[in-house]
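Source file: coords28.txt; contents: compact mmCIF, C-alpha atoms and all ligand atoms.
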# COMPACT_ATOMS: atom_id res chain seq x y z
CA MET A 72 76.26 167.78 90.92
CA LYS A 73 73.51 165.21 91.21
CA ARG A 74 75.44 163.07 88.82
CA MET A 75 78.59 163.33 90.94
CA ILE A 76 76.67 162.32 94.05
CA ALA A 77 75.31 159.34 92.17
CA VAL A 78 78.82 158.36 91.11
CA VAL A 79 80.10 158.71 94.67
CA ILE A 80 77.24 156.60 95.99
CA ALA A 81 77.88 154.00 93.35
CA LEU A 82 81.57 153.96 94.24
CA LEU A 83 80.85 153.62 97.93
CA ALA A 84 78.46 150.78 97.21
CA PHE A 85 81.09 149.08 95.09
CA VAL A 86 83.72 149.39 97.81
CA GLY A 87 81.23 148.04 100.32
CA ILE A 88 80.44 145.04 98.17
CA ALA A 89 84.12 144.44 97.48
CA TYR A 90 84.79 144.54 101.22
CA VAL A 91 82.07 142.02 101.97
CA ALA A 92 83.25 139.85 99.10
CA THR A 93 86.78 139.69 100.43
CA ARG A 94 85.71 139.10 104.02
CA PRO A 95 85.32 135.34 103.79
CA SER A 96 89.09 135.03 103.36
CA ASP A 97 89.51 136.90 106.65
CA THR A 98 87.19 134.47 108.35
CA LYS A 99 89.21 131.68 106.77
CA THR A 100 92.44 132.89 108.36
CA GLU A 101 90.68 133.27 111.67
CA LYS A 102 89.35 129.75 111.35
CA LYS A 103 92.76 128.46 110.32
CA ALA A 104 94.16 129.49 113.68
CA ALA A 105 91.54 127.32 115.35
CA THR A 106 91.56 124.39 112.89
CA PRO A 107 95.04 123.49 111.69
CA THR A 108 95.56 122.03 108.23
CA VAL A 109 97.74 118.98 107.60
CA GLY A 110 98.77 118.33 104.00
CA ILE A 111 99.43 114.65 103.26
CA LEU A 112 101.22 113.82 100.02
CA GLN A 113 101.20 110.12 99.13
CA MET A 114 103.48 109.03 96.28
CA MET A 115 101.00 106.51 94.83
CA SER A 116 98.41 103.96 95.85
CA HIS A 117 99.47 100.51 96.98
CA PRO A 118 98.23 98.55 99.98
CA ALA A 119 101.19 99.44 102.23
CA LEU A 120 101.04 103.19 101.62
CA ASP A 121 97.24 103.14 101.94
CA GLN A 122 97.63 101.52 105.37
CA ILE A 123 100.17 104.16 106.39
CA HIS A 124 97.74 106.91 105.37
CA LYS A 125 94.98 105.31 107.46
CA GLY A 126 97.37 104.95 110.39
CA ILE A 127 98.29 108.64 110.25
CA ILE A 128 94.63 109.62 110.71
CA GLN A 129 94.41 107.20 113.66
CA GLY A 130 97.64 108.52 115.23
CA LEU A 131 96.35 112.09 115.00
CA LYS A 132 93.11 110.99 116.64
CA ASP A 133 94.99 109.22 119.44
CA GLU A 134 96.68 112.54 120.17
CA GLY A 135 93.45 114.54 120.19
CA TYR A 136 93.17 115.68 116.55
CA THR A 137 90.00 114.36 114.97
CA VAL A 138 89.43 114.91 111.26
CA GLY A 139 86.34 117.03 110.63
CA LYS A 140 86.43 118.32 114.20
CA ASN A 141 89.67 120.04 115.07
CA VAL A 142 92.03 119.24 112.21
CA LYS A 143 91.67 119.59 108.46
CA ILE A 144 93.39 117.11 106.16
CA ASP A 145 94.33 117.98 102.59
CA PHE A 146 95.14 114.55 101.16
CA GLN A 147 96.82 114.31 97.76
CA ASN A 148 97.74 111.14 95.86
CA ALA A 149 100.41 111.85 93.23
CA GLU A 150 99.78 108.59 91.35
CA ASN A 151 103.50 108.00 90.91
CA ASP A 152 103.96 111.17 88.85
CA GLN A 153 106.92 113.45 89.65
CA SER A 154 105.28 116.60 88.29
CA ASN A 155 102.15 115.91 90.36
CA MET A 156 104.35 115.65 93.45
CA LYS A 157 105.92 119.02 92.68
CA THR A 158 102.66 120.92 92.08
CA MET A 159 100.91 119.30 95.04
CA SER A 160 103.81 120.19 97.36
CA GLU A 161 103.79 123.77 96.16
CA ARG A 162 100.05 123.95 96.68
CA PHE A 163 100.40 122.90 100.33
CA VAL A 164 102.88 125.72 100.85
CA ASN A 165 100.68 128.28 99.09
CA GLU A 166 97.75 127.13 101.19
CA ASN A 167 99.77 127.68 104.36
CA ALA A 168 99.38 124.12 105.59
CA ASP A 169 100.57 123.96 109.21
CA VAL A 170 102.36 120.62 108.85
CA VAL A 171 102.93 118.48 105.76
CA VAL A 172 103.52 114.72 105.54
CA GLY A 173 105.31 112.80 102.80
CA ILE A 174 104.40 109.14 102.35
CA ALA A 175 107.28 107.36 100.52
CA THR A 176 110.65 108.87 99.60
CA PRO A 177 109.83 110.71 96.33
CA ALA A 178 106.87 112.47 97.99
CA ALA A 179 109.03 113.55 100.93
CA GLN A 180 111.72 114.82 98.57
CA ALA A 181 109.19 116.89 96.61
CA LEU A 182 107.98 118.48 99.88
CA ALA A 183 111.56 119.15 100.97
CA ASN A 184 112.16 120.99 97.69
CA ALA A 185 109.02 123.08 98.17
CA THR A 186 109.64 124.40 101.69
CA LYS A 187 112.42 124.93 104.17
CA LYS A 188 109.98 126.35 106.75
CA THR A 189 106.79 124.30 107.08
CA PRO A 190 107.41 121.26 109.31
CA ILE A 191 107.62 118.08 107.21
CA ILE A 192 106.93 114.70 108.82
CA LEU A 193 108.27 111.63 107.01
CA GLY A 194 105.76 108.80 106.64
CA ALA A 195 107.79 105.59 106.46
CA ILE A 196 110.94 106.69 104.65
CA THR A 197 113.56 103.93 104.63
CA ASP A 198 116.72 106.03 104.66
CA PRO A 199 116.07 109.69 105.55
CA LYS A 200 119.77 110.55 105.65
CA GLY A 201 120.66 108.69 102.42
CA ALA A 202 117.75 110.43 100.68
CA LYS A 203 119.29 113.75 101.81
CA LEU A 204 116.19 114.67 103.81
CA VAL A 205 117.99 115.12 107.16
CA LYS A 206 121.54 115.88 108.22
CA SER A 207 121.49 113.24 110.93
CA ASN A 208 118.88 110.77 112.15
CA THR A 209 119.33 111.80 115.77
CA ARG A 210 119.43 115.57 115.12
CA PRO A 211 117.75 116.30 111.79
CA GLY A 212 118.70 120.01 111.87
CA GLY A 213 116.11 121.45 109.47
CA ASN A 214 112.32 121.40 109.14
CA ILE A 215 112.11 117.62 108.65
CA THR A 216 111.73 114.62 110.97
CA GLY A 217 109.52 111.53 111.04
CA VAL A 218 109.35 107.76 110.87
CA SER A 219 111.70 105.33 109.12
CA ASP A 220 110.49 101.92 107.97
CA GLN A 221 113.93 100.34 107.67
CA ALA A 222 113.15 96.61 107.62
CA PRO A 223 114.75 94.15 110.05
CA ILE A 224 116.85 92.55 107.28
CA ALA A 225 118.89 90.18 109.47
CA ALA A 226 115.77 88.73 111.11
CA GLN A 227 114.21 88.30 107.67
CA LEU A 228 117.23 86.46 106.26
CA LYS A 229 117.26 84.23 109.32
CA LEU A 230 113.59 83.38 108.74
CA ILE A 231 114.21 82.55 105.06
CA ARG A 232 117.03 80.21 106.10
CA GLN A 233 114.77 78.56 108.69
CA LEU A 234 111.97 77.96 106.17
CA MET A 235 114.27 77.04 103.26
CA PRO A 236 117.09 74.96 104.77
CA ASP A 237 118.41 73.86 101.35
CA ALA A 238 118.12 77.11 99.40
CA LYS A 239 121.34 78.42 97.87
CA VAL A 240 120.55 81.28 95.47
CA LEU A 241 118.45 84.18 96.72
CA GLY A 242 117.04 86.42 94.00
CA VAL A 243 116.63 90.06 94.98
CA ILE A 244 114.37 92.08 92.72
CA ALA A 245 113.99 95.87 92.91
CA THR A 246 113.09 98.93 90.83
CA SER A 247 116.22 100.77 89.68
CA SER A 248 114.84 104.24 90.45
CA ASP A 249 113.47 103.34 93.92
CA ASP A 250 116.12 104.59 96.36
CA SER A 251 114.58 102.92 99.39
CA ALA A 252 114.39 99.54 97.64
CA GLN A 253 117.96 99.87 96.35
CA THR A 254 119.26 100.66 99.86
CA GLN A 255 117.68 97.49 101.19
CA ALA A 256 118.77 95.37 98.24
CA LYS A 257 122.36 96.37 98.98
CA MET A 258 121.91 95.52 102.67
CA VAL A 259 120.60 92.09 101.75
CA GLU A 260 123.51 91.54 99.40
CA ALA A 261 125.95 92.45 102.17
CA GLN A 262 124.38 90.20 104.80
CA ALA A 263 123.10 87.19 102.83
CA GLY A 264 126.43 85.37 103.02
CA ASP A 265 126.10 85.18 106.81
CA TYR A 266 123.05 82.98 106.27
CA GLY A 267 124.60 80.86 103.53
CA PHE A 268 122.95 82.50 100.51
CA THR A 269 124.45 83.75 97.26
CA VAL A 270 122.55 86.77 95.96
CA LYS A 271 121.50 87.34 92.38
CA ARG A 272 120.18 90.85 91.71
CA TYR A 273 117.38 91.69 89.26
CA GLY A 274 116.29 95.20 88.25
CA ILE A 275 113.12 96.52 86.68
CA SER A 276 112.44 100.03 85.43
CA SER A 277 108.64 99.86 85.77
CA THR A 278 105.78 97.38 86.08
CA ASN A 279 106.04 96.90 82.32
CA ASP A 280 109.10 94.67 82.60
CA LEU A 281 108.15 92.98 85.89
CA ASN A 282 106.49 89.97 84.27
CA GLN A 283 109.44 89.23 82.02
CA VAL A 284 112.21 89.83 84.60
CA ALA A 285 110.35 87.91 87.32
CA GLY A 286 109.77 85.00 84.93
CA GLU A 287 113.47 84.78 84.13
CA MET A 288 114.42 85.14 87.79
CA ALA A 289 112.07 82.34 88.84
CA THR A 290 114.04 79.84 86.73
CA GLN A 291 117.42 80.89 88.20
CA VAL A 292 116.93 81.16 91.99
CA ASP A 293 115.69 79.09 94.95
CA ALA A 294 113.86 81.89 96.74
CA VAL A 295 113.13 85.59 96.18
CA PHE A 296 113.55 88.57 98.48
CA VAL A 297 111.59 91.77 97.69
CA PRO A 298 112.51 94.95 99.55
CA THR A 299 110.01 97.72 100.35
CA ASP A 300 109.76 98.63 96.69
CA ASN A 301 106.88 100.95 95.81
CA THR A 302 106.44 99.70 92.25
CA ILE A 303 106.46 96.01 93.18
CA ALA A 304 104.25 96.60 96.22
CA GLY A 305 101.65 97.83 93.76
CA ALA A 306 102.12 94.88 91.40
CA MET A 307 102.45 91.84 93.66
CA GLN A 308 100.01 89.82 91.55
CA THR A 309 102.32 90.04 88.53
CA LEU A 310 105.36 88.98 90.55
CA ILE A 311 103.58 86.11 92.31
CA ALA A 312 102.07 84.77 89.07
CA ALA A 313 105.58 84.47 87.63
CA THR A 314 107.16 82.89 90.72
CA ASP A 315 104.22 80.56 91.44
CA ALA A 316 104.63 79.14 87.95
CA GLU A 317 108.10 77.87 89.00
CA LYS A 318 107.05 77.17 92.62
CA ILE A 319 109.54 79.70 93.98
CA PRO A 320 108.62 81.39 97.28
CA VAL A 321 108.73 85.18 97.66
CA PHE A 322 109.80 86.76 100.94
CA PRO A 323 108.76 90.42 101.16
CA THR A 324 109.58 92.92 103.91
CA VAL A 325 106.12 93.98 105.04
CA ASP A 326 102.80 92.55 106.21
CA THR A 327 100.70 93.81 103.29
CA MET A 328 103.00 92.14 100.73
CA VAL A 329 102.69 88.78 102.48
CA LYS A 330 98.91 89.19 102.30
CA ASP A 331 99.33 89.84 98.57
CA GLY A 332 101.03 86.49 97.94
CA GLY A 333 104.38 86.54 99.75
CA LEU A 334 105.19 83.44 101.82
CA ALA A 335 106.37 84.94 105.10
CA THR A 336 108.26 87.78 106.74
CA ILE A 337 109.24 89.38 109.96
CA GLY A 338 107.89 92.71 108.90
CA LEU A 339 106.74 96.08 110.10
CA ASN A 340 103.04 96.59 110.45
CA GLN A 341 102.29 99.35 107.96
CA PHE A 342 99.24 100.67 109.81
CA HIS A 343 101.32 100.97 112.94
CA LEU A 344 104.02 102.90 111.08
CA GLY A 345 101.27 105.31 110.09
CA VAL A 346 100.08 105.66 113.68
CA SER A 347 103.62 106.54 114.79
CA THR A 348 103.79 109.10 111.96
CA GLY A 349 100.43 110.61 112.95
CA LYS A 350 101.65 111.05 116.53
CA MET A 351 104.69 112.95 115.29
CA VAL A 352 102.41 115.15 113.16
CA ALA A 353 100.40 115.93 116.31
CA ALA A 354 103.57 116.84 118.19
CA ALA A 355 104.61 119.18 115.35
CA LEU A 356 101.16 120.81 115.41
CA LYS A 357 101.72 121.46 119.11
CA GLY A 358 104.97 123.23 118.27
CA LYS A 359 107.62 120.53 118.67
CA LYS A 360 110.57 121.40 116.41
CA PRO A 361 111.66 118.85 113.77
CA ALA A 362 115.26 120.09 113.95
CA THR A 363 115.75 118.54 117.38
CA THR A 364 113.32 115.62 117.11
CA PRO A 365 115.14 112.36 116.22
CA ILE A 366 113.89 110.10 113.44
CA HIS A 367 111.74 107.33 114.93
CA PHE A 368 112.83 103.81 114.01
CA GLU A 369 110.45 100.92 114.53
CA THR A 370 112.67 98.31 116.14
CA SER A 371 111.09 94.91 115.60
CA GLY A 372 108.71 93.35 113.15
CA ASP A 373 105.87 90.84 113.45
CA LEU A 374 106.07 87.28 112.16
CA ILE A 375 103.56 86.87 109.36
CA VAL A 376 103.05 83.65 107.42
CA ASN A 377 100.79 82.92 104.47
CA LEU A 378 99.59 79.30 104.71
CA LYS A 379 97.49 79.64 101.58
CA GLU A 380 100.63 80.44 99.62
CA ALA A 381 102.63 77.69 101.38
CA LYS A 382 100.05 75.17 100.21
CA LYS A 383 100.26 76.43 96.63
CA LEU A 384 104.03 76.07 96.69
CA GLY A 385 104.02 72.72 98.48
CA ILE A 386 106.15 74.11 101.30
CA THR A 387 105.56 73.01 104.89
CA ILE A 388 105.95 75.74 107.46
CA PRO A 389 107.10 74.23 110.80
CA ALA A 390 104.27 74.10 113.36
CA SER A 391 106.39 76.07 115.85
CA VAL A 392 106.64 78.97 113.36
CA VAL A 393 102.88 78.91 112.70
CA GLU A 394 102.20 78.88 116.45
CA LYS A 395 104.50 81.82 117.01
CA ALA A 396 102.87 83.77 114.17
CA LYS A 397 99.44 83.05 115.66
CA LYS A 398 100.50 84.33 119.05
CA THR A 399 102.63 87.33 118.12
CA GLY A 400 101.89 88.20 114.51
CA GLU A 401 99.50 87.01 111.87
CA VAL A 402 98.63 83.84 109.95
CA ILE A 403 96.95 84.14 106.57
CA GLU A 404 94.83 81.06 105.76
N1 LIG B 501 109.94 103.04 102.44
C1 LIG B 501 109.36 103.41 101.18
C2 LIG B 501 110.03 104.67 100.69
O1 LIG B 501 110.77 105.27 101.41
C3 LIG B 501 107.88 103.61 101.31
C4 LIG B 501 107.19 102.40 101.84
C5 LIG B 501 106.68 102.29 103.09
C6 LIG B 501 106.97 101.17 101.18
N2 LIG B 501 106.13 101.04 103.26
C7 LIG B 501 106.29 100.34 102.11
C8 LIG B 501 107.27 100.67 99.92
C9 LIG B 501 105.92 99.04 101.79
C10 LIG B 501 106.89 99.37 99.61
C11 LIG B 501 106.23 98.57 100.53
O2 LIG B 501 109.82 105.07 99.58
Would you mind writing the file's structure down as structure tokens?
Amino acid sequence: MKRMIAVVIALLAFVGIAYVATRPSDTKTEKKAATPTVGILQMMSHPALDQIHKGIIQGLKDEGYTVGKNVKIDFQNAENDQSNMKTMSERFVNENADVVVGIATPAAQALANATKKTPIILGAITDPKGAKLVKSNTRPGGNITGVSDQAPIAAQLKLIRQLMPDAKVLGVIATSSDDSAQTQAKMVEAQAGDYGFTVKRYGISSTNDLNQVAGEMATQVDAVFVPTDNTIAGAMQTLIAATDAEKIPVFPTVDTMVKDGGLATIGLNQFHLGVSTGKMVAAALKGKKPATTPIHFETSGDLIVNLKEAKKLGITIPASVVEKAKKTGEVIE
């Protein structure tokens, strides 16, 4: 009898301990209701995507969500690895993140495959519809909406023509597997004739062949256009070394790539794209439905010129252009 009582007491003690041990997870769910979690999945590190990430935190703050105070961020960098993107996306879902954000197309696609329920906000995705992330840009329909970074291609071609009045052949270099870069390369090809350029396309499969392809391109073209290409954005030094050797200017689509050696652009400010994304994340946290929230397009870019690079190439940028960049955009000296 005594023994049985001892067993019962031991059992009760065990149940008590087990109860206490499992309690923290209850407190966690209670806390979760008060502090929402945002999962951010970034495809890889390069200066543009890093700026977008920073901007998202700022946009959330602007809307009243301060990290460490009333919002929790689970930030994951997939380092350009598809299987990382898949496991990280699934983890966000298992963790019950309240809203998830995909920075760059492959990250957004991995999230879309992982959940049809959790709101997904697109962080600078060039072509949400083409990437099969939404049914329509004005009425996305599912659990996805966000910000597109479609570049102002016509304005960029016009700028190239203004700075290079005699250029004939425009090289366009892009990574074959980068859907967003390919979309823009095709747009450039379609519109370049309007500005008097013939386009020559160059493809790379990874940074490994960038040096060789860029070197060959530099001997065959008068100027180079680089779309918002994730691989090249992370390897601008390699591209610029090859084109500088032939004194060929590179015109990228975004501010950070001009800072990294491009000559000029009318481009979207990457930090600002992030801020817009962060604001949409805040709206989703407050219950706004992605299905009926249109994709946000940034309409105009800033004029950015790199005078340091112009000097290297021996190209004179008209004073009026420099003045305009000083007033409305940015001059790199
Ligand atoms: N638009 C790219 C995508 O959809 C991501 C991106 C945003 C990007 N800004 C960029 C790529 C700047 C290169 C440079 O994948």
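Those protein and nucleic acid residues that have any atom within 7 Å of ligand LIG 501 (chain B) are, using only C-alpha atoms and all ligand atoms, Ala119, Leu120, Ile174, Ala175, Thr176, Pro177, Ala195, Ile196, Thr197, Asp198, Asp220, Asp249, Ser251, Thr299, Asp300, Asn301, Ala304, Val325 and Gln341 of chain A.
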Discussion item. Excluding stretch 345-358 of chain A and its own-chain neighbours fewer than 4 positions away, which residues fall within 8 Å of it when counting all atoms listed in the file? Please give them as a ChimeraX atom specification.
Written reply: /A:107,122-131,133-134,136,169-170,172,190,192-195,217-218,341
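Note that atom CA of A:Gly173 and atom CA of A:Ile191 are 7.3 Å apart.
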Discussion item. Just to confirm, what's the straight-line distance from atom CA of A:Pro199 to atom CA of A:Lys157 in Å (one decimal)?
Written reply: 18.9 Å
Discussion item. For a test of reading the model, state the distance in Å between atom CA of A:Ser160 and atom CA of A:Gly274, rounded to one decimal.
Written reply: 29.4 Å
